[in-house]
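Dumped protein.pdb below, it's PDB, N, CA and C atoms:
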ATOM      1  N   MET A 172      59.811   1.769 -40.624
ATOM      2  CA  MET A 172      59.131   0.925 -39.650
ATOM      3  C   MET A 172      58.162   0.008 -40.391
ATOM      4  N   ALA A 173      58.123  -1.226 -39.974
ATOM      5  CA  ALA A 173      57.261  -2.215 -40.624
ATOM      6  C   ALA A 173      55.795  -1.930 -40.342
ATOM      7  N   ARG A 174      54.986  -2.192 -41.330
ATOM      8  CA  ARG A 174      53.536  -2.009 -41.179
ATOM      9  C   ARG A 174      52.980  -3.168 -40.360
ATOM     10  N   ILE A 175      52.083  -2.859 -39.448
ATOM     11  CA  ILE A 175      51.467  -3.884 -38.616
ATOM     12  C   ILE A 175      50.547  -4.748 -39.470
ATOM     13  N   ARG A 176      50.528  -6.042 -39.166
ATOM     14  CA  ARG A 176      49.699  -6.988 -39.919
ATOM     15  C   ARG A 176      48.615  -7.565 -39.017
ATOM     16  N   THR A 177      47.473  -7.818 -39.614
ATOM     17  CA  THR A 177      46.361  -8.413 -38.874
ATOM     18  C   THR A 177      46.586  -9.911 -38.759
ATOM     19  N   PRO A 178      45.976 -10.545 -37.805
ATOM     20  CA  PRO A 178      45.042 -10.041 -36.800
ATOM     21  C   PRO A 178      45.767  -9.272 -35.690
ATOM     22  N   VAL A 179      45.031  -8.341 -35.076
ATOM     23  CA  VAL A 179      45.575  -7.522 -33.994
ATOM     24  C   VAL A 179      44.563  -7.412 -32.858
ATOM     25  N   VAL A 180      45.070  -7.039 -31.698
ATOM     26  CA  VAL A 180      44.233  -6.703 -30.543
ATOM     27  C   VAL A 180      44.671  -5.322 -30.063
ATOM     28  N   ILE A 181      43.847  -4.696 -29.253
ATOM     29  CA  ILE A 181      44.214  -3.419 -28.642
ATOM     30  C   ILE A 181      44.651  -3.711 -27.215
ATOM     31  N   THR A 182      45.844  -3.270 -26.882
ATOM     32  CA  THR A 182      46.391  -3.494 -25.558
ATOM     33  C   THR A 182      46.835  -2.168 -24.951
ATOM     34  N   ALA A 183      46.911  -2.134 -23.632
ATOM     35  CA  ALA A 183      47.321  -0.928 -22.908
ATOM     36  C   ALA A 183      47.739  -1.354 -21.506
ATOM     37  N   ASN A 184      48.028  -0.374 -20.666
ATOM     38  CA  ASN A 184      48.296  -0.632 -19.262
ATOM     39  C   ASN A 184      47.232   0.062 -18.430
ATOM     40  N   ASP A 185      46.705  -0.657 -17.448
ATOM     41  CA  ASP A 185      45.718  -0.093 -16.539
ATOM     42  C   ASP A 185      46.359   1.064 -15.782
ATOM     43  N   LEU A 186      45.690   2.185 -15.748
ATOM     44  CA  LEU A 186      46.242   3.390 -15.154
ATOM     45  C   LEU A 186      46.504   3.244 -13.653
ATOM     46  N   LEU A 187      45.660   2.517 -12.943
ATOM     47  CA  LEU A 187      45.814   2.402 -11.492
ATOM     48  C   LEU A 187      46.754   1.276 -11.071
ATOM     49  N   THR A 188      46.676   0.115 -11.741
ATOM     50  CA  THR A 188      47.465  -1.038 -11.312
ATOM     51  C   THR A 188      48.724  -1.260 -12.137
ATOM     52  N   GLY A 189      48.758  -0.718 -13.348
ATOM     53  CA  GLY A 189      49.900  -0.952 -14.228
ATOM     54  C   GLY A 189      49.821  -2.259 -14.988
ATOM     55  N   GLU A 190      48.800  -3.075 -14.704
ATOM     56  CA  GLU A 190      48.643  -4.367 -15.377
ATOM     57  C   GLU A 190      48.404  -4.195 -16.868
ATOM     58  N   VAL A 191      48.875  -5.159 -17.636
ATOM     59  CA  VAL A 191      48.590  -5.212 -19.060
ATOM     60  C   VAL A 191      47.125  -5.602 -19.221
ATOM     61  N   VAL A 192      46.401  -4.878 -20.059
ATOM     62  CA  VAL A 192      44.986  -5.161 -20.295
ATOM     63  C   VAL A 192      44.711  -5.160 -21.799
ATOM     64  N   TYR A 193      43.617  -5.811 -22.170
ATOM     65  CA  TYR A 193      43.223  -5.954 -23.568
ATOM     66  C   TYR A 193      41.763  -5.550 -23.705
ATOM     67  N   LEU A 194      41.435  -4.869 -24.789
ATOM     68  CA  LEU A 194      40.059  -4.447 -25.027
ATOM     69  C   LEU A 194      39.233  -5.642 -25.480
ATOM     70  N   ASP A 195      38.103  -5.870 -24.795
ATOM     71  CA  ASP A 195      37.254  -7.009 -25.160
ATOM     72  C   ASP A 195      36.121  -6.545 -26.086
ATOM     73  N   PRO A 196      35.316  -7.465 -26.601
ATOM     74  CA  PRO A 196      34.262  -7.106 -27.561
ATOM     75  C   PRO A 196      33.203  -6.136 -27.040
ATOM     76  N   VAL A 197      33.029  -6.031 -25.723
ATOM     77  CA  VAL A 197      32.025  -5.107 -25.173
ATOM     78  C   VAL A 197      32.672  -3.842 -24.605
ATOM     79  N   HIS A 198      33.873  -3.532 -25.075
ATOM     80  CA  HIS A 198      34.600  -2.304 -24.735
ATOM     81  C   HIS A 198      34.978  -2.196 -23.265
ATOM     82  N   ARG A 199      35.300  -3.320 -22.651
ATOM     83  CA  ARG A 199      35.840  -3.327 -21.292
ATOM     84  C   ARG A 199      37.290  -3.765 -21.390
ATOM     85  N   TRP A 200      38.080  -3.408 -20.411
ATOM     86  CA  TRP A 200      39.484  -3.807 -20.383
ATOM     87  C   TRP A 200      39.624  -5.073 -19.554
ATOM     88  N   SER A 201      40.225  -6.089 -20.136
ATOM     89  CA  SER A 201      40.391  -7.374 -19.477
ATOM     90  C   SER A 201      41.875  -7.700 -19.341
ATOM     91  N   PRO A 202      42.275  -8.309 -18.227
ATOM     92  CA  PRO A 202      43.673  -8.726 -18.092
ATOM     93  C   PRO A 202      43.983  -9.997 -18.890
ATOM     94  N   GLU A 203      42.966 -10.608 -19.470
ATOM     95  CA  GLU A 203      43.137 -11.866 -20.193
ATOM     96  C   GLU A 203      43.176 -11.647 -21.702
ATOM     97  N   LEU A 204      44.257 -12.084 -22.326
ATOM     98  CA  LEU A 204      44.377 -11.989 -23.777
ATOM     99  C   LEU A 204      43.298 -12.804 -24.474
ATOM    100  N   SER A 205      42.908 -13.916 -23.875
ATOM    101  CA  SER A 205      41.882 -14.769 -24.481
ATOM    102  C   SER A 205      40.526 -14.059 -24.579
ATOM    103  N   ALA A 206      40.314 -13.015 -23.788
ATOM    104  CA  ALA A 206      39.051 -12.267 -23.817
ATOM    105  C   ALA A 206      39.097 -11.090 -24.794
ATOM    106  N   ALA A 207      40.243 -10.831 -25.394
ATOM    107  CA  ALA A 207      40.406  -9.658 -26.260
ATOM    108  C   ALA A 207      39.624  -9.783 -27.562
ATOM    109  N   LYS A 208      39.159  -8.645 -28.047
ATOM    110  CA  LYS A 208      38.523  -8.591 -29.355
ATOM    111  C   LYS A 208      39.634  -8.629 -30.400
ATOM    112  N   VAL A 209      39.546  -9.575 -31.317
ATOM    113  CA  VAL A 209      40.551  -9.724 -32.364
ATOM    114  C   VAL A 209      40.028  -9.039 -33.624
ATOM    115  N   PHE A 210      40.832  -8.139 -34.152
ATOM    116  CA  PHE A 210      40.483  -7.394 -35.365
ATOM    117  C   PHE A 210      41.191  -8.002 -36.563
ATOM    118  N   ASP A 211      40.430  -8.297 -37.601
ATOM    119  CA  ASP A 211      41.003  -8.798 -38.846
ATOM    120  C   ASP A 211      41.120  -7.706 -39.899
ATOM    121  N   VAL A 212      40.520  -6.545 -39.633
ATOM    122  CA  VAL A 212      40.571  -5.402 -40.544
ATOM    123  C   VAL A 212      41.324  -4.284 -39.833
ATOM    124  N   LEU A 213      42.464  -3.897 -40.390
ATOM    125  CA  LEU A 213      43.330  -2.923 -39.739
ATOM    126  C   LEU A 213      42.663  -1.558 -39.576
ATOM    127  N   ASP A 214      41.919  -1.097 -40.573
ATOM    128  CA  ASP A 214      41.246   0.205 -40.470
ATOM    129  C   ASP A 214      40.243   0.225 -39.317
ATOM    130  N   GLU A 215      39.547  -0.874 -39.131
ATOM    131  CA  GLU A 215      38.587  -0.986 -38.022
ATOM    132  C   GLU A 215      39.321  -0.914 -36.683
ATOM    133  N   ALA A 216      40.434  -1.614 -36.581
ATOM    134  CA  ALA A 216      41.225  -1.615 -35.346
ATOM    135  C   ALA A 216      41.776  -0.226 -35.048
ATOM    136  N   GLU A 217      42.278   0.458 -36.068
ATOM    137  CA  GLU A 217      42.828   1.799 -35.868
ATOM    138  C   GLU A 217      41.736   2.785 -35.452
ATOM    139  N   GLY A 218      40.548   2.653 -36.016
ATOM    140  CA  GLY A 218      39.425   3.500 -35.624
ATOM    141  C   GLY A 218      39.028   3.269 -34.177
ATOM    142  N   GLU A 219      38.984   2.011 -33.780
ATOM    143  CA  GLU A 219      38.656   1.651 -32.388
ATOM    144  C   GLU A 219      39.728   2.174 -31.438
ATOM    145  N   LEU A 220      40.984   2.054 -31.845
ATOM    146  CA  LEU A 220      42.095   2.534 -31.027
ATOM    147  C   LEU A 220      41.969   4.039 -30.780
ATOM    148  N   ALA A 221      41.577   4.787 -31.785
ATOM    149  CA  ALA A 221      41.426   6.236 -31.643
ATOM    150  C   ALA A 221      40.364   6.593 -30.611
ATOM    151  N   THR A 222      39.325   5.794 -30.486
ATOM    152  CA  THR A 222      38.263   6.106 -29.526
ATOM    153  C   THR A 222      38.634   5.701 -28.105
ATOM    154  N   VAL A 223      39.368   4.620 -27.921
ATOM    155  CA  VAL A 223      39.688   4.165 -26.563
ATOM    156  C   VAL A 223      40.902   4.858 -25.988
ATOM    157  N   SER A 224      41.728   5.441 -26.827
ATOM    158  CA  SER A 224      42.937   6.105 -26.341
ATOM    159  C   SER A 224      42.634   7.320 -25.482
ATOM    160  N   SER A 225      41.450   7.900 -25.629
ATOM    161  CA  SER A 225      41.110   9.098 -24.872
ATOM    162  C   SER A 225      40.519   8.781 -23.500
ATOM    163  N   GLU A 226      40.302   7.513 -23.211
ATOM    164  CA  GLU A 226      39.732   7.154 -21.920
ATOM    165  C   GLU A 226      40.748   7.379 -20.801
ATOM    166  N   ALA A 227      40.282   7.695 -19.611
ATOM    167  CA  ALA A 227      41.160   7.942 -18.472
ATOM    168  C   ALA A 227      41.372   6.686 -17.635
ATOM    169  N   VAL A 228      41.177   5.521 -18.245
ATOM    170  CA  VAL A 228      41.299   4.258 -17.525
ATOM    171  C   VAL A 228      42.628   3.577 -17.812
ATOM    172  N   VAL A 229      43.139   3.778 -19.026
ATOM    173  CA  VAL A 229      44.379   3.118 -19.450
ATOM    174  C   VAL A 229      45.354   4.136 -20.027
ATOM    175  N   VAL A 230      46.607   3.716 -20.113
ATOM    176  CA  VAL A 230      47.639   4.535 -20.761
ATOM    177  C   VAL A 230      48.376   3.675 -21.773
ATOM    178  N   GLY A 231      48.879   4.326 -22.806
ATOM    179  CA  GLY A 231      49.732   3.656 -23.779
ATOM    180  C   GLY A 231      49.038   2.639 -24.656
ATOM    181  N   ALA A 232      47.805   2.876 -25.036
ATOM    182  CA  ALA A 232      47.070   1.911 -25.862
ATOM    183  C   ALA A 232      47.678   1.844 -27.263
ATOM    184  N   TYR A 233      47.802   0.636 -27.786
ATOM    185  CA  TYR A 233      48.310   0.435 -29.144
ATOM    186  C   TYR A 233      47.842  -0.908 -29.677
ATOM    187  N   LEU A 234      48.066  -1.123 -30.976
ATOM    188  CA  LEU A 234      47.697  -2.388 -31.621
ATOM    189  C   LEU A 234      48.842  -3.376 -31.478
ATOM    190  N   ALA A 235      48.517  -4.606 -31.142
ATOM    191  CA  ALA A 235      49.513  -5.663 -31.012
ATOM    192  C   ALA A 235      49.122  -6.833 -31.912
ATOM    193  N   GLU A 236      50.081  -7.315 -32.688
ATOM    194  CA  GLU A 236      49.830  -8.449 -33.569
ATOM    195  C   GLU A 236      49.667  -9.725 -32.755
ATOM    196  N   VAL A 237      48.719 -10.553 -33.168
ATOM    197  CA  VAL A 237      48.477 -11.835 -32.507
ATOM    198  C   VAL A 237      48.310 -12.925 -33.559
ATOM    199  N   SER A 238      48.443 -14.159 -33.106
ATOM    200  CA  SER A 238      48.067 -15.316 -33.911
ATOM    201  C   SER A 238      46.721 -15.772 -33.386
ATOM    202  N   ASN A 239      45.849 -16.150 -34.273
ATOM    203  CA  ASN A 239      44.501 -16.521 -33.856
ATOM    204  C   ASN A 239      44.141 -17.875 -34.453
ATOM    205  N   ASP A 240      44.980 -18.872 -34.205
ATOM    206  CA  ASP A 240      44.728 -20.204 -34.737
ATOM    207  C   ASP A 240      43.747 -20.945 -33.828
ATOM    208  N   SER A 241      44.250 -21.705 -32.890
ATOM    209  CA  SER A 241      43.358 -22.388 -31.951
ATOM    210  C   SER A 241      43.091 -21.533 -30.719
ATOM    211  N   ALA A 242      44.000 -20.592 -30.454
ATOM    212  CA  ALA A 242      43.845 -19.661 -29.337
ATOM    213  C   ALA A 242      44.557 -18.364 -29.703
ATOM    214  N   VAL A 243      44.171 -17.286 -29.057
ATOM    215  CA  VAL A 243      44.819 -16.000 -29.301
ATOM    216  C   VAL A 243      46.139 -15.995 -28.546
ATOM    217  N   THR A 244      47.244 -15.816 -29.282
ATOM    218  CA  THR A 244      48.572 -15.779 -28.677
ATOM    219  C   THR A 244      49.361 -14.613 -29.251
ATOM    220  N   PRO A 245      50.248 -14.035 -28.453
ATOM    221  CA  PRO A 245      51.070 -12.926 -28.955
ATOM    222  C   PRO A 245      51.973 -13.407 -30.090
ATOM    223  N   ARG A 246      52.164 -12.573 -31.104
ATOM    224  CA  ARG A 246      53.030 -12.926 -32.222
ATOM    225  C   ARG A 246      54.452 -12.432 -31.995
ATOM    226  N   HIS A 247      54.633 -11.376 -31.233
ATOM    227  CA  HIS A 247      55.949 -10.784 -31.014
ATOM    228  C   HIS A 247      56.436 -11.107 -29.604
ATOM    229  N   TYR A 248      57.749 -11.301 -29.447
ATOM    230  CA  TYR A 248      58.268 -11.657 -28.128
ATOM    231  C   TYR A 248      58.000 -10.583 -27.082
ATOM    232  N   ARG A 249      57.958  -9.299 -27.488
ATOM    233  CA  ARG A 249      57.661  -8.228 -26.533
ATOM    234  C   ARG A 249      56.269  -8.412 -25.948
ATOM    235  N   GLU A 250      55.311  -8.741 -26.797
ATOM    236  CA  GLU A 250      53.941  -8.943 -26.323
ATOM    237  C   GLU A 250      53.831 -10.191 -25.467
ATOM    238  N   SER A 251      54.586 -11.206 -25.804
ATOM    239  CA  SER A 251      54.598 -12.416 -24.987
ATOM    240  C   SER A 251      55.132 -12.099 -23.590
ATOM    241  N   PHE A 252      56.170 -11.303 -23.525
ATOM    242  CA  PHE A 252      56.767 -10.881 -22.264
ATOM    243  C   PHE A 252      55.774 -10.055 -21.446
ATOM    244  N   ARG A 253      55.108  -9.076 -22.079
ATOM    245  CA  ARG A 253      54.122  -8.246 -21.388
ATOM    246  C   ARG A 253      52.956  -9.094 -20.878
ATOM    247  N   HIS A 254      52.541 -10.068 -21.692
ATOM    248  CA  HIS A 254      51.408 -10.921 -21.342
ATOM    249  C   HIS A 254      51.690 -11.736 -20.082
ATOM    250  N   LYS A 255      52.920 -12.179 -19.905
ATOM    251  CA  LYS A 255      53.287 -12.997 -18.737
ATOM    252  C   LYS A 255      53.400 -12.191 -17.462
ATOM    253  N   GLY A 256      53.662 -10.910 -17.567
ATOM    254  CA  GLY A 256      53.766 -10.069 -16.383
ATOM    255  C   GLY A 256      55.208  -9.761 -16.027
ATOM    256  N   PRO A 257      55.432  -9.041 -14.925
ATOM    257  CA  PRO A 257      56.774  -8.626 -14.529
ATOM    258  C   PRO A 257      57.713  -9.817 -14.355
ATOM    259  N   SER A 258      58.985  -9.594 -14.655
ATOM    260  CA  SER A 258      59.939 -10.700 -14.597
ATOM    261  C   SER A 258      60.851 -10.644 -13.386
ATOM    262  N   ASN A 259      60.732  -9.634 -12.545
ATOM    263  CA  ASN A 259      61.664  -9.505 -11.434
ATOM    264  C   ASN A 259      61.359 -10.428 -10.251
ATOM    265  N   TYR A 260      60.113 -10.788 -10.046
ATOM    266  CA  TYR A 260      59.720 -11.745  -9.019
ATOM    267  C   TYR A 260      58.286 -12.154  -9.282
ATOM    268  N   PHE A 261      57.862 -13.243  -8.646
ATOM    269  CA  PHE A 261      56.525 -13.752  -8.891
ATOM    270  C   PHE A 261      55.485 -12.958  -8.110
ATOM    271  N   HIS A 262      54.596 -12.314  -8.829
ATOM    272  CA  HIS A 262      53.442 -11.646  -8.244
ATOM    273  C   HIS A 262      52.423 -11.462  -9.355
ATOM    274  N   GLY A 263      51.201 -11.145  -9.013
ATOM    275  CA  GLY A 263      50.170 -10.984 -10.027
ATOM    276  C   GLY A 263      49.950 -12.255 -10.824
ATOM    277  N   LYS A 264      49.974 -12.151 -12.148
ATOM    278  CA  LYS A 264      49.736 -13.298 -13.024
ATOM    279  C   LYS A 264      50.763 -14.394 -12.806
ATOM    280  N   GLN A 265      52.014 -14.006 -12.581
ATOM    281  CA  GLN A 265      53.058 -15.009 -12.422
ATOM    282  C   GLN A 265      52.877 -15.830 -11.149
ATOM    283  N   ALA A 266      52.379 -15.224 -10.085
ATOM    284  CA  ALA A 266      52.149 -15.960  -8.847
ATOM    285  C   ALA A 266      51.092 -17.038  -9.070
ATOM    286  N   VAL A 267      50.062 -16.710  -9.823
ATOM    287  CA  VAL A 267      49.005 -17.681 -10.118
ATOM    288  C   VAL A 267      49.578 -18.800 -10.982
ATOM    289  N   GLN A 268      50.358 -18.458 -12.010
ATOM    290  CA  GLN A 268      50.958 -19.457 -12.879
ATOM    291  C   GLN A 268      51.907 -20.359 -12.090
ATOM    292  N   GLU A 269      52.697 -19.800 -11.196
ATOM    293  CA  GLU A 269      53.631 -20.571 -10.380
ATOM    294  C   GLU A 269      52.881 -21.529  -9.466
ATOM    295  N   ALA A 270      51.764 -21.069  -8.877
ATOM    296  CA  ALA A 270      50.964 -21.916  -7.995
ATOM    297  C   ALA A 270      50.339 -23.069  -8.776
ATOM    298  N   GLU A 271      49.916 -22.813 -10.018
ATOM    299  CA  GLU A 271      49.336 -23.862 -10.841
ATOM    300  C   GLU A 271      50.369 -24.912 -11.215
ATOM    301  N   VAL A 272      51.595 -24.483 -11.486
ATOM    302  CA  VAL A 272      52.680 -25.416 -11.843
ATOM    303  C   VAL A 272      53.050 -26.264 -10.621
ATOM    304  N   ALA A 273      53.071 -25.646  -9.450
ATOM    305  CA  ALA A 273      53.449 -26.346  -8.227
ATOM    306  C   ALA A 273      52.398 -27.362  -7.783
ATOM    307  N   ALA A 274      51.147 -27.123  -8.159
ATOM    308  CA  ALA A 274      50.052 -28.008  -7.709
ATOM    309  C   ALA A 274      50.051 -29.338  -8.420
TER
END
Rendering of file as structure tokens:
Amino acid sequence: MARIRTPVVITANDLLTGEVVYLDPVHRWSPELSAAKVFDVLDEAEGELATVSSEAVVVGAYLAEVSNDSAVTPRHYRESFRHKGPSNYFHGKQAVQEAEVAA
């Protein structure tokens, strides 16, 4: 298995809603990738991941590679897919995106 490369963010799924969430700099879970704390040191990210994984707020927390050029964006297509939300019909994030495109 390939070793994860920095920069990374910590992502998980909200236990109650199932939404994709990202850990922000003040240790809150945000649905916005742009609010995520970006780690440039892998050991620091892994240490942080170990502490948040025990919380009863999220499930499946892990490190996800991102690009951090002008904006934080997913580096892998799986993360891009998760970031956009469910693909079966428009609801949640996709409903908002669809409404913005239609306007």
Just say which residues the PyMOL selection byres ((chain A and resi 226-234) around 8) picks in this file, as a VMD selection string.
chain A and resid 175 178 to 187 216 to 217 220 to 225 235 to 237
Residues of segment 174-222 of chain A in helix (DSSP H, G or I), written as a list in words: Leu204, Ser205, Ala206, Leu213, Asp214, Glu215, Ala216, Glu217, Gly218, Glu219, Leu220, Ala221 and Thr222 of chain A
Atom pair atom CA of Glu190 of chain A + atom CA of Arg176 of chain A, distance 24.7 Å
List the spatial neighbours of segment 203-207 of chain A as an NGL selection string - criterion: any atom at most 6 Å away, only N, CA and C atoms, same-chain residues fewer than 5 positions off excluded. :A and (192-196 or 243)
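From atom CA of Lys255 of chain A back to atom CA of Phe210 of chain A, the distance works out to 21.7 Å.
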Enclose the full set of atoms of segment 185-194 of chain A listed in the file within a box whose edges lie along x, y and z, apply 5 Å of padding to each of the six sides, and report centre and edge lengths in Å to one decimal as lines of an AutoDock Vina configuration file.
center_x = 44.6
center_y = -1.3
center_z = -18.3
size_x = 20.7
size_y = 19.3
size_z = 24.4
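The space between atom CA of Asp211 of chain A and atom C of Thr177 of chain A spans 5.7 Å.
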